[in-house]
$ cat data.txt   # compact mmCIF, C-alpha atoms and all ligand atoms
# COMPACT_ATOMS: atom_id res chain seq x y z
CA MET A 27 109.32 70.01 138.63
CA SER A 28 108.63 69.62 134.93
CA ALA A 29 105.22 68.62 133.60
CA SER A 30 106.55 65.23 132.49
CA ALA A 31 108.18 64.58 135.92
CA ARG A 32 104.80 65.30 137.56
CA GLY A 33 103.22 62.91 135.10
CA ASP A 34 101.06 65.69 133.55
CA ALA A 35 100.16 65.09 129.93
CA ALA A 36 101.74 67.56 127.52
CA PRO A 37 99.08 69.82 126.00
CA PRO A 38 97.99 68.61 122.56
CA PRO A 39 99.09 70.59 119.52
CA TRP A 40 96.64 73.19 118.23
CA PRO A 41 95.03 72.52 114.86
CA PRO A 42 96.94 74.38 112.09
CA ALA A 43 94.20 77.03 111.82
CA VAL A 44 94.61 77.89 115.52
CA LEU A 45 98.37 78.29 115.16
CA GLU A 46 97.76 80.57 112.18
CA ASP A 47 95.22 82.57 114.12
CA ARG A 48 97.74 83.03 116.95
CA LEU A 49 100.38 84.19 114.47
CA ARG A 50 97.96 86.70 112.98
CA ARG A 51 96.95 88.02 116.37
CA LEU A 52 100.60 88.42 117.39
CA GLY A 53 101.28 90.23 114.12
CA ASP A 54 98.29 92.53 114.60
CA GLU A 55 99.87 93.62 117.88
CA ARG A 56 103.60 93.55 117.21
CA TYR A 57 104.36 93.86 113.49
CA HIS A 58 106.11 97.10 112.48
CA HIS A 59 103.00 98.51 110.79
CA ARG A 60 102.15 99.81 114.29
CA HIS A 61 105.54 101.44 114.87
CA PRO A 62 105.14 105.22 115.32
CA PHE A 63 107.71 105.88 112.57
CA ASN A 64 105.76 103.75 110.11
CA VAL A 65 102.50 105.40 111.16
CA ARG A 66 104.05 108.83 110.51
CA MET A 67 105.37 107.61 107.15
CA HIS A 68 101.93 106.51 106.02
CA GLU A 69 100.30 109.70 107.27
CA GLY A 70 102.69 111.74 105.12
CA ARG A 71 104.43 113.30 108.12
CA LEU A 72 108.04 112.35 107.36
CA SER A 73 110.50 114.92 106.08
CA LYS A 74 112.59 114.17 103.02
CA ALA A 75 115.56 113.56 105.28
CA GLU A 76 113.60 111.05 107.37
CA LEU A 77 112.31 109.16 104.36
CA ARG A 78 115.82 109.01 102.92
CA ARG A 79 117.19 107.83 106.25
CA TRP A 80 114.65 105.00 106.27
CA VAL A 81 115.49 103.97 102.68
CA LEU A 82 119.23 104.00 103.36
CA ASN A 83 118.96 102.00 106.56
CA ARG A 84 116.42 99.52 105.21
CA PHE A 85 118.87 98.79 102.39
CA HIS A 86 121.11 97.23 105.04
CA TYR A 87 118.24 94.85 105.88
CA GLN A 88 117.49 94.15 102.21
CA ARG A 89 121.05 93.23 101.28
CA HIS A 90 121.20 90.72 104.15
CA ILE A 91 117.97 88.91 103.21
CA PRO A 92 119.69 86.71 100.60
CA VAL A 93 122.49 86.05 103.11
CA LYS A 94 120.07 84.76 105.75
CA ASP A 95 118.20 82.79 103.07
CA ALA A 96 121.46 81.12 102.00
CA LEU A 97 122.04 80.14 105.64
CA ILE A 98 118.53 78.66 105.85
CA LEU A 99 119.06 76.91 102.51
CA ALA A 100 122.15 75.13 103.86
CA ALA A 101 120.12 73.72 106.77
CA LEU A 102 117.17 72.46 104.71
CA ASP A 103 116.59 68.80 104.20
CA GLY A 104 116.66 67.55 100.65
CA PRO A 105 116.64 68.82 97.06
CA GLU A 106 112.95 69.67 96.87
CA GLN A 107 113.06 72.13 99.78
CA ARG A 108 116.36 73.63 98.64
CA ARG A 109 115.16 74.01 95.04
CA SER A 110 112.20 75.97 96.26
CA TRP A 111 114.01 78.08 98.87
CA ILE A 112 116.88 79.10 96.54
CA ARG A 113 114.33 81.14 94.56
CA ARG A 114 114.40 83.68 97.40
CA VAL A 115 118.11 84.32 96.87
CA HIS A 116 117.47 84.87 93.15
CA ASP A 117 114.50 87.16 93.91
CA HIS A 118 116.89 89.52 95.68
CA ASP A 119 120.23 89.00 93.93
CA GLY A 120 118.78 88.40 90.43
CA ARG A 121 118.59 85.27 88.26
CA PRO A 122 121.81 83.26 88.02
CA ASP A 123 122.17 83.86 84.25
CA GLY A 124 121.65 87.64 84.50
CA ASP A 125 123.52 90.66 85.84
CA GLY A 126 121.35 91.33 88.91
CA ALA A 127 119.21 93.96 87.18
CA ASP A 128 116.07 91.84 87.75
CA GLY A 129 116.67 91.43 91.49
CA GLY A 130 115.21 93.15 94.54
CA ILE A 131 118.58 94.57 95.60
CA GLU A 132 118.82 96.46 92.31
CA ARG A 133 115.18 97.60 92.65
CA TRP A 134 115.95 98.91 96.15
CA LEU A 135 118.99 100.81 94.81
CA ARG A 136 116.64 102.43 92.29
CA LEU A 137 114.26 103.27 95.12
CA GLY A 138 117.23 104.98 96.77
CA GLU A 139 117.92 107.01 93.65
CA ALA A 140 114.21 107.86 93.37
CA VAL A 141 114.33 109.50 96.81
CA GLY A 142 117.55 111.35 95.95
CA LEU A 143 120.21 109.10 97.49
CA ASP A 144 123.48 108.27 95.77
CA ARG A 145 123.98 104.67 94.78
CA PRO A 146 127.59 104.72 96.12
CA ALA A 147 126.34 105.94 99.53
CA LEU A 148 123.85 103.07 99.68
CA LEU A 149 126.42 100.49 98.58
CA ASP A 150 129.09 101.82 100.89
CA GLY A 151 126.83 101.54 103.94
CA ALA A 152 128.99 103.83 106.09
CA ASP A 153 125.92 105.80 107.25
CA VAL A 154 123.96 102.78 108.46
CA LEU A 155 122.94 103.34 112.07
CA PRO A 156 124.48 101.15 114.79
CA GLY A 157 121.08 99.98 116.01
CA VAL A 158 120.13 98.91 112.49
CA ARG A 159 123.37 96.92 112.16
CA LEU A 160 122.60 95.16 115.46
CA ALA A 161 119.02 94.36 114.48
CA VAL A 162 120.07 92.93 111.12
CA ASP A 163 122.95 90.97 112.69
CA GLY A 164 120.43 89.58 115.14
CA TYR A 165 118.23 88.31 112.34
CA VAL A 166 121.09 86.83 110.29
CA ASN A 167 122.58 85.10 113.33
CA PHE A 168 119.19 83.75 114.34
CA CYS A 169 118.91 82.12 110.90
CA ARG A 170 122.51 80.89 111.15
CA ASN A 171 122.07 79.24 114.53
CA ARG A 172 118.49 78.05 114.81
CA PRO A 173 116.93 74.97 113.21
CA PRO A 174 114.80 75.47 110.08
CA LEU A 175 111.54 75.29 112.06
CA GLU A 176 112.51 78.53 113.79
CA SER A 177 114.41 80.30 111.00
CA VAL A 178 111.60 79.65 108.52
CA ALA A 179 109.00 80.68 111.13
CA SER A 180 110.85 83.96 111.59
CA SER A 181 110.17 84.78 107.92
CA LEU A 182 106.42 84.53 108.57
CA THR A 183 106.20 88.24 109.24
CA GLU A 184 105.82 88.23 105.48
CA LEU A 185 102.21 87.22 106.07
CA PHE A 186 101.75 90.92 106.86
CA ALA A 187 104.22 92.58 104.50
CA PRO A 188 102.18 92.52 101.24
CA ASP A 189 99.23 94.48 102.68
CA LEU A 190 101.62 96.92 104.31
CA MET A 191 103.50 97.43 101.04
CA ALA A 192 100.30 98.03 99.07
CA ALA A 193 99.31 100.65 101.67
CA ARG A 194 102.83 102.11 101.48
CA VAL A 195 102.67 102.56 97.71
CA ALA A 196 99.34 104.39 98.02
CA ALA A 197 100.65 106.56 100.88
CA TRP A 198 103.85 107.50 99.08
CA GLU A 199 102.01 108.37 95.86
CA ARG A 200 99.70 110.61 97.83
CA HIS A 201 102.05 112.24 100.33
CA TYR A 202 105.51 112.20 98.76
CA PRO A 203 104.99 113.23 95.13
CA TRP A 204 108.66 114.24 94.93
CA VAL A 205 109.65 110.53 94.94
CA ARG A 206 110.20 109.38 91.34
CA PRO A 207 107.38 106.87 90.67
CA ASP A 208 109.64 104.16 89.15
CA GLY A 209 111.28 103.83 92.58
CA LEU A 210 108.11 102.18 93.91
CA ARG A 211 108.65 99.11 91.74
CA TYR A 212 110.43 97.39 94.62
CA PHE A 213 107.22 97.35 96.67
CA ARG A 214 104.90 96.50 93.77
CA THR A 215 106.99 93.46 92.83
CA ARG A 216 107.35 92.35 96.42
CA VAL A 217 103.59 92.19 97.10
CA GLY A 218 103.24 89.03 94.97
CA GLN A 219 106.56 87.56 96.06
CA GLY A 220 105.70 88.09 99.72
CA ARG A 221 102.33 86.35 99.38
CA ARG A 222 103.93 83.36 97.67
CA ASP A 223 106.84 83.20 100.14
CA SER A 224 104.67 83.38 103.24
CA ARG A 225 102.39 80.63 101.86
CA GLU A 226 105.42 78.43 101.24
CA ALA A 227 106.90 79.12 104.69
CA LEU A 228 103.57 78.39 106.39
CA GLY A 229 103.34 75.05 104.57
CA LEU A 230 106.84 74.06 105.72
CA VAL A 231 106.14 75.13 109.30
CA HIS A 232 102.86 73.17 109.43
CA GLY A 233 104.70 70.11 108.07
CA TRP A 234 107.41 70.34 110.74
CA THR A 235 105.35 71.08 113.85
CA ARG A 236 104.47 67.94 115.74
CA THR A 237 103.92 69.15 119.29
CA ARG A 238 102.60 72.17 121.18
CA ALA A 239 106.22 72.87 122.17
CA ASP A 240 107.13 73.12 118.45
CA GLN A 241 104.24 75.52 117.97
CA GLU A 242 105.42 77.66 120.89
CA ARG A 243 108.86 77.83 119.21
CA VAL A 244 107.17 79.03 116.01
CA LEU A 245 105.41 81.81 117.92
CA ALA A 246 108.63 82.76 119.72
CA ALA A 247 110.56 82.95 116.42
CA PHE A 248 107.83 85.11 114.92
CA THR A 249 107.89 87.40 117.96
CA PHE A 250 111.67 87.68 117.75
CA LYS A 251 111.40 88.77 114.10
CA CYS A 252 108.76 91.38 114.95
CA GLU A 253 111.26 92.72 117.49
CA VAL A 254 114.02 92.85 114.85
CA LEU A 255 111.81 94.98 112.59
CA TRP A 256 110.66 97.12 115.51
CA SER A 257 114.23 97.75 116.70
CA LEU A 258 115.24 98.76 113.20
CA LEU A 259 112.54 101.43 113.14
CA ASP A 260 113.42 102.54 116.70
CA ALA A 261 116.97 103.20 115.50
CA VAL A 262 115.79 105.09 112.41
CA GLN A 263 113.29 107.12 114.43
CA ASN A 264 115.76 108.09 117.13
CA ALA A 265 118.64 109.13 114.88
CA GLU A 266 119.61 112.74 114.55
CA ASP A 267 119.53 113.94 110.94
CA ALA A 268 122.92 113.48 109.35
CA PRO A 269 124.55 116.82 108.44
CA ARG A 270 124.60 115.94 104.73
CA ASN A 271 120.81 115.99 104.72
CA ALA A 272 120.60 119.36 106.43
CA GLU A 273 120.76 121.42 103.23
CA ASP A 274 117.32 120.14 102.16
CA GLY A 275 115.84 122.83 104.36
CA ASP A 276 112.49 121.07 104.63
CA GLY A 277 113.02 119.41 107.97
O1 LIG B 1 108.88 96.63 103.90
C1 LIG B 1 108.44 95.83 104.71
O2 LIG B 1 107.58 96.12 105.55
C2 LIG B 1 109.00 94.46 104.67
C3 LIG B 1 108.83 93.56 105.70
C4 LIG B 1 109.41 92.30 105.62
C5 LIG B 1 109.18 91.40 106.76
O3 LIG B 1 108.05 91.35 107.27
O4 LIG B 1 110.11 90.77 107.22
C6 LIG B 1 110.17 91.96 104.48
C7 LIG B 1 110.25 92.92 103.46
N1 LIG B 1 109.70 94.13 103.57
C8 LIG B 1 110.96 92.64 102.24
O5 LIG B 1 111.02 93.50 101.36
C9 LIG B 1 111.61 91.40 102.07
O6 LIG B 1 112.21 91.16 101.02
C10 LIG B 1 111.54 90.46 103.10
C11 LIG B 1 112.10 89.19 103.24
C12 LIG B 1 111.77 88.77 104.50
C13 LIG B 1 112.15 87.53 105.19
O7 LIG B 1 112.07 87.53 106.43
O8 LIG B 1 112.55 86.56 104.52
N2 LIG B 1 111.01 89.71 105.11
C14 LIG B 1 110.85 90.75 104.29

$ encode --input "data.txt" --output "structure tokens"
Amino acid sequence: MSASARGDAAPPPWPPAVLEDRLRRLGDERYHHRHPFNVRMHEGRLSKAELRRWVLNRFHYQRHIPVKDALILAALDGPEQRRSWIRRVHDHDGRPDGDGADGGIERWLRLGEAVGLDRPALLDGADVLPGVRLAVDGYVNFCRNRPPLESVASSLTELFAPDLMAARVAAWERHYPWVRPDGLRYFRTRVGQGRRDSREALGLVHGWTRTRADQERVLAAFTFKCEVLWSLLDAVQNAEDAPRNAEDGDG
């Protein structure tokens, strides 16, 4: 029997600060900064081939971010929200009056080149791992099918991304000096964008949550997204090195 059928009162919504605290505690436990592959990356224990594999596979995620943001955009209510959200598509694809050179996708391609990957191999995507394709499809389809409360809440992992990226830049400079330094611009730019985007998403989510049940949906969407990121790293970690990386001879 449901709570309402028994006549039980629904639990009251938490104050916004409590919801935020729950999100942060979930992230502390389940965000991909704890994934063993990420831990090894930051400790400087990845081979060139592993770091390249991560960059190539993460590009598949990156290029789908503006796709999922366009799907969210189409579901938003009114010009003000759409005007604000469309900025995310431009952040990745580049400003509408430019050629894409100022966008995150182009910066990630340069990151690829900085670790020694060919631009055509990144763009072609033939070497993307099956598990990475499934994880990214899962995220895009979640944003296609769920209401904005949940799709926007799933982007809230970005509450954690800026600190992780700042740590990543420091770790790469220290442990992987063979990476051309200009490649790190993707992460440096994204620190500020991620802080702004997560603030915006949190404001929307607070405005939309009316009940404890809404808040539980926010936490579930956030958990789902942590699992997307975790599965992506599982796939990258478990892959055998592709033969074309074997000639590096450094593992
Ligand atoms: O490198 C990372 O650890 C990381 C994590 C995340 C994230 O938490 O989803 C994003 C990004 N990077 C990122 O670069 C990015 O553009 C981005 C957009 C989103 C999103 O869900 O809208 N997450 C992330």

$ residues_around --input "data.txt" --residues "His68 in chain A" --least-positions-apart "6" --cutoff "10 Å" --atoms "only C-alpha atoms" --output "ChimeraX atom specification"
/A:59,62,190,193-198,200-202

$ residues_around --input "data.txt" --residues "Lys251 in chain A" --least-positions-apart "3" --cutoff "9 Å" --atoms "only C-alpha atoms" --output "compact mmCIF listing (two decimals) with C-alpha atoms, keeping the file's coordinate frame"
# COMPACT_ATOMS: atom_id res chain seq x y z
CA TYR A 57 104.36 93.86 113.49
CA TYR A 165 118.23 88.31 112.34
CA ALA A 179 109.00 80.68 111.13
CA SER A 180 110.85 83.96 111.59
CA SER A 181 110.17 84.78 107.92
CA LEU A 182 106.42 84.53 108.57
CA THR A 183 106.20 88.24 109.24
CA ALA A 246 108.63 82.76 119.72
CA ALA A 247 110.56 82.95 116.42
CA PHE A 248 107.83 85.11 114.92
CA VAL A 254 114.02 92.85 114.85
CA LEU A 255 111.81 94.98 112.59
CA TRP A 256 110.66 97.12 115.51

$ closest_residue --input "data.txt" --among "A:Glu199, A:Gln263, A:Leu49, A:Ala100" --to "Arg172 in chain A" --atoms "only C-alpha atoms"
A:Ala100

$ closest_residue --input "data.txt" --among "A:Val262, A:Leu149, A:Ala192, A:Leu72" --to "ligand LIG 1 (chain B)" --atoms "only C-alpha atoms and all ligand atoms"
A:Ala192

$ closest_residue --input "data.txt" --among "A:Gly218, A:Pro174, A:Gly164, A:Pro41" --to "Ala96 in chain A" --atoms "all atoms listed in the file"
A:Pro174

$ closest_residue --input "data.txt" --among "A:Phe250, A:Phe186, A:Trp204, A:Trp234" --to "ligand LIG 1 (chain B)" --atoms "only C-alpha atoms and all ligand atoms"
A:Phe186

$ closest_residue --input "data.txt" --among "A:Arg145, A:His116, A:Arg238, A:Arg84" --to "ligand LIG 1 (chain B)" --atoms "all atoms listed in the file"
A:Arg84

$ atom_distance --input "data.txt" --atom1 "CA of Ser73 in chain A" --atom2 "atom O7 of ligand LIG 1 (chain B)"
27.4 Å

$ closest_residue --input "data.txt" --among "A:Glu46, A:Glu176, A:Asp103, A:Asp128" --to "Arg225 in chain A" --atoms "all atoms listed in the file"
A:Glu46

$ atom_distance --input "data.txt" --atom1 "CA of Gln219 in chain A" --atom2 "CA of Arg50 in chain A"
19.0 Å

$ residues_around --input "data.txt" --residues "Ala147 in chain A" --least-positions-apart "2" --cutoff "12 Å" --atoms "all atoms listed in the file" --output "VMD selection string"
chain A and resid 78 to 79 81 to 83 85 to 86 135 138 to 139 142 to 145 149 to 154 270

$ axis_aligned_box --input "data.txt" --around "range 138-142 of chain A" --padding-each-side "5 Å" --output "lines of an AutoDock Vina configuration file"
center_x = 116.1
center_y = 108.2
center_z = 95.1
size_x = 13.7
size_y = 16.4
size_z = 13.4

$ atom_distance --input "data.txt" --atom1 "atom C8 of ligand LIG 1 (chain B)" --atom2 "CA of Leu52 in chain A"
18.8 Å

$ residues_around --input "data.txt" --residues "Leu102 in chain A" --least-positions-apart "2" --cutoff "12 Å" --atoms "all atoms listed in the file" --output "PyMOL selection string"
chain A and resi 95-100+104-112+169-170+172-178+230+234

$ residues_around --input "data.txt" --residues "Ala239 in chain A" --least-positions-apart "2" --cutoff "12 Å" --atoms "only C-alpha atoms" --output "PDB file with C-alpha atoms, keeping the file's coordinate frame"
ATOM      1  CA  ALA A  36     101.740  67.560 127.520  1.00  0.00           C
ATOM      2  CA  PRO A  37      99.080  69.820 126.000  1.00  0.00           C
ATOM      3  CA  PRO A  38      97.990  68.610 122.560  1.00  0.00           C
ATOM      4  CA  PRO A  39      99.090  70.590 119.520  1.00  0.00           C
ATOM      5  CA  TRP A  40      96.640  73.190 118.230  1.00  0.00           C
ATOM      6  CA  LEU A  45      98.370  78.290 115.160  1.00  0.00           C
ATOM      7  CA  LEU A 175     111.540  75.290 112.060  1.00  0.00           C
ATOM      8  CA  GLU A 176     112.510  78.530 113.790  1.00  0.00           C
ATOM      9  CA  TRP A 234     107.410  70.340 110.740  1.00  0.00           C
ATOM     10  CA  THR A 235     105.350  71.080 113.850  1.00  0.00           C
ATOM     11  CA  ARG A 236     104.470  67.940 115.740  1.00  0.00           C
ATOM     12  CA  THR A 237     103.920  69.150 119.290  1.00  0.00           C
ATOM     13  CA  GLN A 241     104.240  75.520 117.970  1.00  0.00           C
ATOM     14  CA  GLU A 242     105.420  77.660 120.890  1.00  0.00           C
ATOM     15  CA  ARG A 243     108.860  77.830 119.210  1.00  0.00           C
ATOM     16  CA  VAL A 244     107.170  79.030 116.010  1.00  0.00           C
ATOM     17  CA  LEU A 245     105.410  81.810 117.920  1.00  0.00           C
ATOM     18  CA  ALA A 246     108.630  82.760 119.720  1.00  0.00           C
TER      19      ALA A 246
END

$ residues_near_point --input "data.txt" --point "(121.7, 99.8, 117.3)" --cutoff "10 Å" --atoms "only C-alpha atoms" --output "CSV table (one decimal) with C-alpha atoms, keeping the file's coordinate frame"
chain,number,residue,atom,x,y,z
A,154,VAL,CA,124.0,102.8,108.5
A,155,LEU,CA,122.9,103.3,112.1
A,156,PRO,CA,124.5,101.2,114.8
A,157,GLY,CA,121.1,100.0,116.0
A,158,VAL,CA,120.1,98.9,112.5
A,159,ARG,CA,123.4,96.9,112.2
A,160,LEU,CA,122.6,95.2,115.5
A,161,ALA,CA,119.0,94.4,114.5
A,162,VAL,CA,120.1,92.9,111.1
A,257,SER,CA,114.2,97.8,116.7
A,258,LEU,CA,115.2,98.8,113.2
A,260,ASP,CA,113.4,102.5,116.7
A,261,ALA,CA,117.0,103.2,115.5
A,262,VAL,CA,115.8,105.1,112.4
